[in-house]
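**Student:** The structure file target.cif (mmCIF, C-alpha atoms) is provided below.
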data_work
#
loop_
_atom_site.group_PDB
_atom_site.id
_atom_site.type_symbol
_atom_site.label_atom_id
_atom_site.label_comp_id
_atom_site.auth_asym_id
_atom_site.auth_seq_id
_atom_site.Cartn_x
_atom_site.Cartn_y
_atom_site.Cartn_z
ATOM 1 C CA MET A 1 0.000 0.000 0.000
ATOM 2 C CA ALA A 2 1.393 3.398 -1.008
ATOM 3 C CA ALA A 3 2.457 5.699 1.771
ATOM 4 C CA SER A 4 0.319 8.680 2.391
ATOM 5 C CA THR A 5 1.625 11.795 0.621
ATOM 6 C CA SER A 6 1.294 13.815 3.787
ATOM 7 C CA SER A 7 3.558 11.401 5.667
ATOM 8 C CA LEU A 8 6.429 12.095 3.239
ATOM 9 C CA LEU A 9 6.360 15.835 3.761
ATOM 10 C CA PRO A 10 8.320 17.518 6.561
ATOM 11 C CA SER A 11 6.348 18.681 9.510
ATOM 12 C CA GLN A 12 4.884 22.084 8.846
ATOM 13 C CA SER A 13 5.191 23.185 12.439
ATOM 14 C CA LEU A 14 7.437 22.477 15.371
ATOM 15 C CA PRO A 15 6.387 22.261 18.961
ATOM 16 C CA GLU A 16 6.678 25.652 20.653
ATOM 17 C CA GLN A 17 9.280 24.380 23.090
ATOM 18 C CA ASN A 18 11.650 23.391 20.239
ATOM 19 C CA LYS A 19 11.654 26.825 18.614
ATOM 20 C CA LEU A 20 14.753 28.936 19.288
ATOM 21 C CA PRO A 21 14.001 32.435 20.516
ATOM 22 C CA LYS A 22 14.967 35.248 18.184
ATOM 23 C CA ILE A 23 17.819 37.381 19.491
ATOM 24 C CA LYS A 24 17.755 41.018 18.468
ATOM 25 C CA LEU A 25 21.192 42.590 18.196
ATOM 26 C CA TYR A 26 19.713 46.049 18.068
ATOM 27 C CA THR A 27 16.433 47.825 18.584
ATOM 28 C CA THR A 28 17.287 51.261 17.224
ATOM 29 C CA THR A 29 19.118 52.657 14.201
ATOM 30 C CA ALA A 30 21.844 54.045 16.460
ATOM 31 C CA GLU A 31 22.483 50.609 17.976
ATOM 32 C CA ARG A 32 22.649 49.071 14.490
ATOM 33 C CA GLN A 33 25.236 51.658 13.427
ATOM 34 C CA LYS A 34 27.364 50.793 16.453
ATOM 35 C CA ILE A 35 27.292 47.089 15.618
ATOM 36 C CA ASP A 36 28.124 47.827 11.981
ATOM 37 C CA GLN A 37 31.105 49.954 13.045
ATOM 38 C CA MET A 38 32.425 47.243 15.331
ATOM 39 C CA ALA A 39 31.989 44.662 12.560
ATOM 40 C CA ASP A 40 33.845 46.912 10.102
ATOM 41 C CA LEU A 41 36.658 47.409 12.603
ATOM 42 C CA TYR A 42 36.950 43.673 13.250
ATOM 43 C CA SER A 43 36.941 42.913 9.521
ATOM 44 C CA LEU A 44 39.570 45.554 8.729
ATOM 45 C CA ILE A 45 41.972 44.316 11.400
ATOM 46 C CA LYS A 46 41.590 40.747 10.155
ATOM 47 C CA THR A 47 42.167 41.895 6.565
ATOM 48 C CA VAL A 48 45.431 43.595 7.527
ATOM 49 C CA GLN A 49 46.533 40.435 9.330
ATOM 50 C CA HIS A 50 45.906 38.346 6.203
ATOM 51 C CA LEU A 51 47.719 40.926 4.054
ATOM 52 C CA GLU A 52 50.774 40.861 6.331
ATOM 53 C CA THR A 53 50.826 37.062 6.212
ATOM 54 C CA ALA A 54 50.536 37.078 2.422
ATOM 55 C CA TYR A 55 53.404 39.558 2.136
ATOM 56 C CA THR A 56 55.764 37.552 4.354
ATOM 57 C CA ARG A 57 55.018 34.479 2.224
ATOM 58 C CA ASP A 58 55.683 36.349 -1.044
ATOM 59 C CA ALA A 59 52.095 35.731 -2.085
ATOM 60 C CA VAL A 60 51.673 39.408 -3.014
ATOM 61 C CA SER A 61 54.047 41.809 -4.757
ATOM 62 C CA GLU A 62 55.700 44.635 -2.826
ATOM 63 C CA GLU A 63 53.906 47.251 -4.913
ATOM 64 C CA LYS A 64 50.467 45.730 -4.425
ATOM 65 C CA TYR A 65 51.149 45.126 -0.742
ATOM 66 C CA THR A 66 52.279 48.726 -0.190
ATOM 67 C CA ASN A 67 49.329 50.302 -2.000
ATOM 68 C CA THR A 68 46.778 48.030 -0.326
ATOM 69 C CA CYS A 69 48.314 48.472 3.118
ATOM 70 C CA LYS A 70 48.326 52.271 2.804
ATOM 71 C CA LYS A 71 44.630 52.242 1.920
ATOM 72 C CA LEU A 72 43.779 49.951 4.838
ATOM 73 C CA ILE A 73 45.790 52.064 7.294
ATOM 74 C CA SER A 74 43.981 55.174 6.076
ATOM 75 C CA LYS A 75 40.604 53.462 6.478
ATOM 76 C CA PHE A 76 41.615 52.233 9.929
ATOM 77 C CA LYS A 77 42.423 55.765 11.090
ATOM 78 C CA THR A 78 39.059 57.012 9.824
ATOM 79 C CA LEU A 79 37.198 54.126 11.456
ATOM 80 C CA LYS A 80 39.180 54.481 14.670
ATOM 81 C CA ALA A 81 38.130 58.122 14.944
ATOM 82 C CA ALA A 82 34.489 57.261 14.211
ATOM 83 C CA CYS A 83 34.522 54.499 16.862
ATOM 84 C CA SER A 84 36.459 56.449 19.491
ATOM 85 C CA GLN A 85 33.552 56.511 21.965
ATOM 86 C CA LEU A 86 32.302 53.008 21.202
ATOM 87 C CA VAL A 87 35.793 51.447 21.165
ATOM 88 C CA PRO A 88 38.125 53.790 23.071
ATOM 89 C CA ASN A 89 40.894 51.171 23.276
ATOM 90 C CA ILE A 90 41.583 49.105 20.141
ATOM 91 C CA ASP A 91 44.076 46.922 22.008
ATOM 92 C CA LYS A 92 41.381 45.852 24.467
ATOM 93 C CA PHE A 93 38.951 45.311 21.579
ATOM 94 C CA ILE A 94 41.407 42.893 19.947
ATOM 95 C CA THR A 95 41.949 41.039 23.217
ATOM 96 C CA GLU A 96 38.257 40.920 24.124
ATOM 97 C CA TYR A 97 37.302 39.325 20.807
ATOM 98 C CA HIS A 98 40.246 36.881 20.899
ATOM 99 C CA MET A 99 41.731 38.133 17.641
ATOM 100 C CA ASP A 100 45.008 36.441 16.779
ATOM 101 C CA CYS A 101 46.519 39.334 14.854
ATOM 102 C CA LYS A 102 49.964 40.248 16.154
ATOM 103 C CA ALA A 103 51.132 41.540 12.764
ATOM 104 C CA ALA A 104 48.053 43.731 12.273
ATOM 105 C CA ARG A 105 48.423 45.053 15.801
ATOM 106 C CA HIS A 106 51.984 46.149 15.048
ATOM 107 C CA ARG A 107 51.121 47.596 11.634
ATOM 108 C CA LEU A 108 48.004 49.536 12.699
ATOM 109 C CA LEU A 109 48.555 50.458 16.334
ATOM 110 C CA ARG A 110 52.298 50.803 16.603
ATOM 111 C CA VAL A 111 53.891 51.879 13.320
ATOM 112 C CA GLY A 112 51.100 53.078 11.046
ATOM 113 C CA VAL A 113 53.031 52.508 7.795
ATOM 114 C CA PRO A 114 53.515 49.460 5.525
ATOM 115 C CA ALA A 115 56.410 47.073 6.154
ATOM 116 C CA THR A 116 58.037 48.308 2.934
ATOM 117 C CA VAL A 117 58.203 51.774 4.502
ATOM 118 C CA GLU A 118 59.220 50.583 7.954
ATOM 119 C CA TYR A 119 62.005 48.273 6.772
ATOM 120 C CA GLY A 120 62.451 49.200 3.121
ATOM 121 C CA ALA A 121 61.676 47.237 -0.018
ATOM 122 C CA THR A 122 63.842 44.238 -0.848
ATOM 123 C CA SER A 123 64.294 45.199 -4.496
ATOM 124 C CA LYS A 124 66.718 48.110 -4.858
ATOM 125 C CA ASP A 125 67.555 50.055 -8.011
ATOM 126 C CA SER A 126 71.146 51.264 -7.833
ATOM 127 C CA ASP A 127 70.423 54.118 -10.234
ATOM 128 C CA ALA A 128 67.763 55.451 -7.868
ATOM 129 C CA ASN A 129 70.028 55.741 -4.791
ATOM 130 C CA ASP A 130 70.866 59.413 -5.401
ATOM 131 C CA LYS A 131 67.176 60.145 -5.741
ATOM 132 C CA TYR A 132 66.417 58.657 -2.326
ATOM 133 C CA VAL A 133 69.335 60.508 -0.716
ATOM 134 C CA PHE A 134 67.952 63.756 -2.098
ATOM 135 C CA GLU A 135 64.401 62.944 -0.989
ATOM 136 C CA ALA A 136 65.559 62.009 2.518
ATOM 137 C CA CYS A 137 67.542 65.252 2.897
ATOM 138 C CA GLN A 138 64.681 67.325 1.542
ATOM 139 C CA THR A 139 62.061 65.696 3.773
ATOM 140 C CA LEU A 140 64.273 65.928 6.869
ATOM 141 C CA ILE A 141 64.830 69.636 6.313
ATOM 142 C CA THR A 142 61.144 70.228 5.546
ATOM 143 C CA THR A 143 60.058 68.466 8.745
ATOM 144 C CA MET A 144 62.568 70.387 10.872
ATOM 145 C CA ASN A 145 61.359 73.636 9.284
ATOM 146 C CA CYS A 146 57.784 72.707 10.210
ATOM 147 C CA LEU A 147 58.813 72.337 13.845
ATOM 148 C CA GLU A 148 60.639 75.665 13.752
ATOM 149 C CA LEU A 149 57.438 77.249 12.416
ATOM 150 C CA ASN A 150 55.581 75.756 15.412
ATOM 151 C CA ILE A 151 53.633 73.273 13.311
ATOM 152 C CA ARG A 152 52.936 70.548 15.839
ATOM 153 C CA ASP A 153 49.731 68.768 14.766
ATOM 154 C CA VAL A 154 50.073 65.008 14.320
ATOM 155 C CA ASP A 155 48.115 64.948 11.050
ATOM 156 C CA GLN A 156 50.584 67.447 9.576
ATOM 157 C CA LEU A 157 53.789 65.847 10.837
ATOM 158 C CA HIS A 158 53.047 62.135 10.406
ATOM 159 C CA PRO A 159 52.933 62.120 6.551
ATOM 160 C CA ASN A 160 56.379 63.771 6.383
ATOM 161 C CA LEU A 161 57.860 61.218 8.776
ATOM 162 C CA SER A 162 56.297 58.364 6.811
ATOM 163 C CA ASN A 163 57.844 59.629 3.564
ATOM 164 C CA LEU A 164 61.146 60.221 5.339
ATOM 165 C CA MET A 165 61.240 56.682 6.717
ATOM 166 C CA ALA A 166 60.561 55.299 3.233
ATOM 167 C CA SER A 167 63.401 57.341 1.702
ATOM 168 C CA LEU A 168 65.902 56.457 4.439
ATOM 169 C CA ASN A 169 65.220 52.754 3.978
ATOM 170 C CA GLU A 170 66.038 53.031 0.276
ATOM 171 C CA VAL A 171 69.489 54.592 0.849
ATOM 172 C CA LYS A 172 71.976 51.733 0.494
ATOM 173 C CA LYS A 173 74.695 53.247 2.664
ATOM 174 C CA LEU A 174 72.496 53.302 5.761
ATOM 175 C CA PRO A 175 72.605 50.112 7.856
ATOM 176 C CA GLU A 176 69.434 48.864 9.549
ATOM 177 C CA GLY A 177 70.370 50.296 12.957
ATOM 178 C CA HIS A 178 71.576 53.686 11.710
ATOM 179 C CA ILE A 179 70.679 56.439 14.187
ATOM 180 C CA SER A 180 68.759 58.417 11.549
ATOM 181 C CA LYS A 181 66.428 55.453 11.001
ATOM 182 C CA VAL A 182 66.115 54.782 14.719
ATOM 183 C CA LYS A 183 65.193 58.384 15.605
ATOM 184 C CA VAL A 184 62.690 58.776 12.781
ATOM 185 C CA LYS A 185 61.011 55.446 13.559
ATOM 186 C CA GLU A 186 60.734 56.342 17.254
ATOM 187 C CA TRP A 187 58.797 59.485 16.397
ATOM 188 C CA LEU A 188 56.771 57.711 13.737
ATOM 189 C CA VAL A 189 55.579 55.279 16.391
ATOM 190 C CA LYS A 190 54.926 58.036 18.950
ATOM 191 C CA LEU A 191 52.829 60.088 16.525
ATOM 192 C CA ASN A 192 50.932 57.050 15.271
ATOM 193 C CA GLU A 193 49.785 56.339 18.830
ATOM 194 C CA LYS A 194 48.270 59.833 19.100
ATOM 195 C CA PRO A 195 44.964 61.007 17.585
ATOM 196 C CA ALA A 196 45.240 63.124 14.441
ATOM 197 C CA SER A 197 44.151 66.238 16.341
ATOM 198 C CA TYR A 198 46.880 65.906 18.970
ATOM 199 C CA ARG A 199 49.367 68.787 19.228
ATOM 200 C CA LEU A 200 52.882 68.263 20.518
ATOM 201 C CA THR A 201 53.678 69.862 23.854
ATOM 202 C CA ASP A 202 56.590 72.300 24.125
ATOM 203 C CA ASP A 203 58.783 69.543 25.574
ATOM 204 C CA GLU A 204 57.821 67.103 22.817
ATOM 205 C CA LEU A 205 58.429 69.730 20.158
ATOM 206 C CA ARG A 206 61.869 70.492 21.561
ATOM 207 C CA GLN A 207 62.793 66.811 21.830
ATOM 208 C CA MET A 208 61.580 66.014 18.326
ATOM 209 C CA SER A 209 63.569 68.933 16.894
ATOM 210 C CA PHE A 210 66.684 67.720 18.708
ATOM 211 C CA ASP A 211 66.219 64.110 17.553
ATOM 212 C CA LEU A 212 65.659 65.076 13.918
ATOM 213 C CA GLN A 213 68.710 67.325 13.958
ATOM 214 C CA THR A 214 70.710 64.405 15.338
ATOM 215 C CA ALA A 215 69.270 62.185 12.589
ATOM 216 C CA TYR A 216 70.201 64.727 9.919
ATOM 217 C CA ASP A 217 73.755 65.217 11.186
ATOM 218 C CA ASN A 218 74.444 61.475 11.289
ATOM 219 C CA PHE A 219 72.759 60.919 7.930
ATOM 220 C CA TYR A 220 74.879 63.626 6.293
ATOM 221 C CA ARG A 221 78.122 62.268 7.777
ATOM 222 C CA THR A 222 77.323 58.799 6.447
ATOM 223 C CA ILE A 223 76.461 59.754 2.860
ATOM 224 C CA LYS A 224 79.068 62.460 2.183
#
Could you render the structure as structure tokens?
**Tutor:**
Amino acid sequence: MAASTSSLLPSQSLPEQNKLPKIKLYTTTAERQKIDQMADLYSLIKTVQHLETAYTRDAVSEEKYTNTCKKLISKFKTLKAACSQLVPNIDKFITEYHMDCKAARHRLLRVGVPATVEYGATSKDSDANDKYVFEACQTLITTMNCLELNIRDVDQLHPNLSNLMASLNEVKKLPEGHISKVKVKEWLVKLNEKPASYRLTDDELRQMSFDLQTAYDNFYRTIK
């Protein structure tokens, strides 16, 4: 005897006790925006971590890595500012959500520039060395002039230091631990840890001027 058609169909209803309650993540538009921001922040940090891993494994070219990383760092700074009240401490956010992202932490929170800027690119063009020496000198002098003119906003100083670090790393004569690189990187890290609107104190301004002058003097002695 053929089975009843109705017996072959799945049950149209489940007992009330077996139904899972619906969980609402938000009840207002403002709450939804907060969740979206946190999701975007989480996703961006994870993306940077994957990019860093791909770069160390030579799965992405230096040029593509650098361009992509710069865009992600820029987006991170924008998102960080937008989430400042919701997520005042990114480090705690990473720890709270158990994010295994040591490389992204270093790139976004500590240095704020791609690895090719922090350490220099591996491919060097010997014909371009003079160009990088010139760029490094020019950027060093420009940055020191900014400090002399009392320009002390992070968002005005950080781009110069980033360009300076990139140029210094391309100069073949400079070893990895050269004092010019060390001093510039120290300030690059310090400024990256500050909000864009932060203004250097008088003591910080004086110290930065002294350190950059020291960097310039040692750089000049090495290349002449």
**Student:** Identify all residues satisfying the PyMOL selection byres ((chain A and resi 215) around 10) in the given file; provide them as a PDB file with C-alpha atoms, in the frame of the given file.
**Tutor:**
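See result10.pdb below for the written result:
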ATOM      1  CA  LEU A 140      64.273  65.928   6.869  1.00  0.00           C
ATOM      2  CA  HIS A 178      71.576  53.686  11.710  1.00  0.00           C
ATOM      3  CA  ILE A 179      70.679  56.439  14.187  1.00  0.00           C
ATOM      4  CA  SER A 180      68.759  58.417  11.549  1.00  0.00           C
ATOM      5  CA  LYS A 181      66.428  55.453  11.001  1.00  0.00           C
ATOM      6  CA  VAL A 182      66.115  54.782  14.719  1.00  0.00           C
ATOM      7  CA  LYS A 183      65.193  58.384  15.605  1.00  0.00           C
ATOM      8  CA  VAL A 184      62.690  58.776  12.781  1.00  0.00           C
ATOM      9  CA  SER A 209      63.569  68.933  16.894  1.00  0.00           C
ATOM     10  CA  PHE A 210      66.684  67.720  18.708  1.00  0.00           C
ATOM     11  CA  ASP A 211      66.219  64.110  17.553  1.00  0.00           C
ATOM     12  CA  LEU A 212      65.659  65.076  13.918  1.00  0.00           C
ATOM     13  CA  GLN A 213      68.710  67.325  13.958  1.00  0.00           C
ATOM     14  CA  THR A 214      70.710  64.405  15.338  1.00  0.00           C
ATOM     15  CA  TYR A 216      70.201  64.727   9.919  1.00  0.00           C
ATOM     16  CA  ASP A 217      73.755  65.217  11.186  1.00  0.00           C
ATOM     17  CA  ASN A 218      74.444  61.475  11.289  1.00  0.00           C
ATOM     18  CA  PHE A 219      72.759  60.919   7.930  1.00  0.00           C
ATOM     19  CA  TYR A 220      74.879  63.626   6.293  1.00  0.00           C
TER      20      TYR A 220
END
**Student:** Pull out every residue that the PyMOL selection byres ((chain A and resi 116) around 10) matches in the shown coordinates and put them as a PyMOL selection string.
**Tutor:** chain A and resi 55+62-63+65-66+69+113-115+117-122+165-166+169-170
**Student:** Would you mind exporting the chosen residues as a PDB file, keeping the file's coordinate frame, restricted to C-alpha atoms?
**Tutor:**
ATOM      1  CA  TYR A  55      53.404  39.558   2.136  1.00  0.00           C
ATOM      2  CA  GLU A  62      55.700  44.635  -2.826  1.00  0.00           C
ATOM      3  CA  GLU A  63      53.906  47.251  -4.913  1.00  0.00           C
ATOM      4  CA  TYR A  65      51.149  45.126  -0.742  1.00  0.00           C
ATOM      5  CA  THR A  66      52.279  48.726  -0.190  1.00  0.00           C
ATOM      6  CA  CYS A  69      48.314  48.472   3.118  1.00  0.00           C
ATOM      7  CA  VAL A 113      53.031  52.508   7.795  1.00  0.00           C
ATOM      8  CA  PRO A 114      53.515  49.460   5.525  1.00  0.00           C
ATOM      9  CA  ALA A 115      56.410  47.073   6.154  1.00  0.00           C
ATOM     10  CA  VAL A 117      58.203  51.774   4.502  1.00  0.00           C
ATOM     11  CA  GLU A 118      59.220  50.583   7.954  1.00  0.00           C
ATOM     12  CA  TYR A 119      62.005  48.273   6.772  1.00  0.00           C
ATOM     13  CA  GLY A 120      62.451  49.200   3.121  1.00  0.00           C
ATOM     14  CA  ALA A 121      61.676  47.237  -0.018  1.00  0.00           C
ATOM     15  CA  THR A 122      63.842  44.238  -0.848  1.00  0.00           C
ATOM     16  CA  MET A 165      61.240  56.682   6.717  1.00  0.00           C
ATOM     17  CA  ALA A 166      60.561  55.299   3.233  1.00  0.00           C
ATOM     18  CA  ASN A 169      65.220  52.754   3.978  1.00  0.00           C
ATOM     19  CA  GLU A 170      66.038  53.031   0.276  1.00  0.00           C
TER      20      GLU A 170
END
**Student:** So that I can see what lies close to A:Val133, please list as a VMD selection string the residues with an atom at most 12 Å from it, counting only C-alpha atoms and leaving out residues fewer than 3 positions away in the same chain.
**Tutor:** chain A and resid 126 to 130 136 to 140 164 to 174 216 219 to 220 222 to 224
**Student:** Just the residues within 10 Å of A:Leu79, please, counting all atoms listed in the file, with nothing from its chain fewer than 5 positions along; format it as JSON, numbers by chain.
**Tutor:** {"A": [37, 38, 40, 41, 44, 73, 74, 84]}
**Student:** Report, in Å with one decimal, the straight-line distance from atom CA of A:Lys71 to atom CA of A:Gly112.
**Tutor:** 11.2 Å
**Student:** Looking at A:Leu205, A:Leu86, A:Arg107, A:Lys46, which one is nearest to A:Leu149, with distances taken over all atoms listed in the file?
**Tutor:**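 The shortest atom-to-atom distance to A:Leu149 comes from A:Leu205.
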**Student:** Counting all atoms listed in the file, figure out which residue out of A:Leu108, A:Leu157, A:Val60, A:Cys83 gets nearest to A:Ala39.
**Tutor:**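 For A:Ala39, the nearest of the given residues is A:Cys83.
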**Student:** For A:Val154, find every residue with an atom within 10 Å (counting only C-alpha atoms), except residues of its own chain fewer than 3 positions away, and show them as a list of chain:residue names.
**Tutor:**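 Skipping anything fewer than 3 positions along the chain leaves A:Ile151, A:Leu157, A:His158, A:Pro159, A:Leu188, A:Lys190, A:Leu191, A:Asn192, A:Glu193, A:Lys194, A:Pro195, A:Ala196, A:Ser197, A:Tyr198, A:Arg199, A:Leu200.
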**Student:** Mind pulling up the distance from atom CA of A:Arg105 to atom CA of A:Thr47?
**Tutor:** 11.6 Å
**Student:** If you measure from atom CA of A:Asp202 to atom CA of A:Leu147, what distance in Å do you get, rounded to one decimal?
**Tutor:**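 So the two atoms, atom CA of A:Asp202 and atom CA of A:Leu147, lie 10.5 Å apart.
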**Student:** Out of A:Tyr42, A:Thr201, A:Gly177, A:Trp187, which residue has the shortest atom-to-atom distance to A:Glu96 when counting all atoms listed in the file?
**Tutor:**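 Result for the nearest residue to A:Glu96: A:Tyr42.
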**Student:** Please write out, as AutoDock Vina command-line options, where the centre of an axis-aligned box around all listed atoms of stretch 58-65 of chain A lies and how long its edges are, in Å to one decimal, after adding 6 Å on each side.
**Tutor:**
--center_x 53.1 --center_y 41.5 --center_z -2.8 --size_x 17.2 --size_y 23.5 --size_z 16.2
**Student:** For A:Ile45, which of A:Ser61, A:Phe76, A:Lys131, A:Ala81 is the closest residue, counting all atoms listed in the file?
**Tutor:**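 That would be A:Phe76, the residue with the smallest distance to A:Ile45.
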**Student:** Measuring atom to atom with all atoms listed in the file, identify which of A:Tyr132, A:Asp100, A:Lys64, A:Pro175 is nearest to A:Asn163.
**Tutor:**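 Answer, going by the shortest atom-to-atom distance: A:Tyr132.
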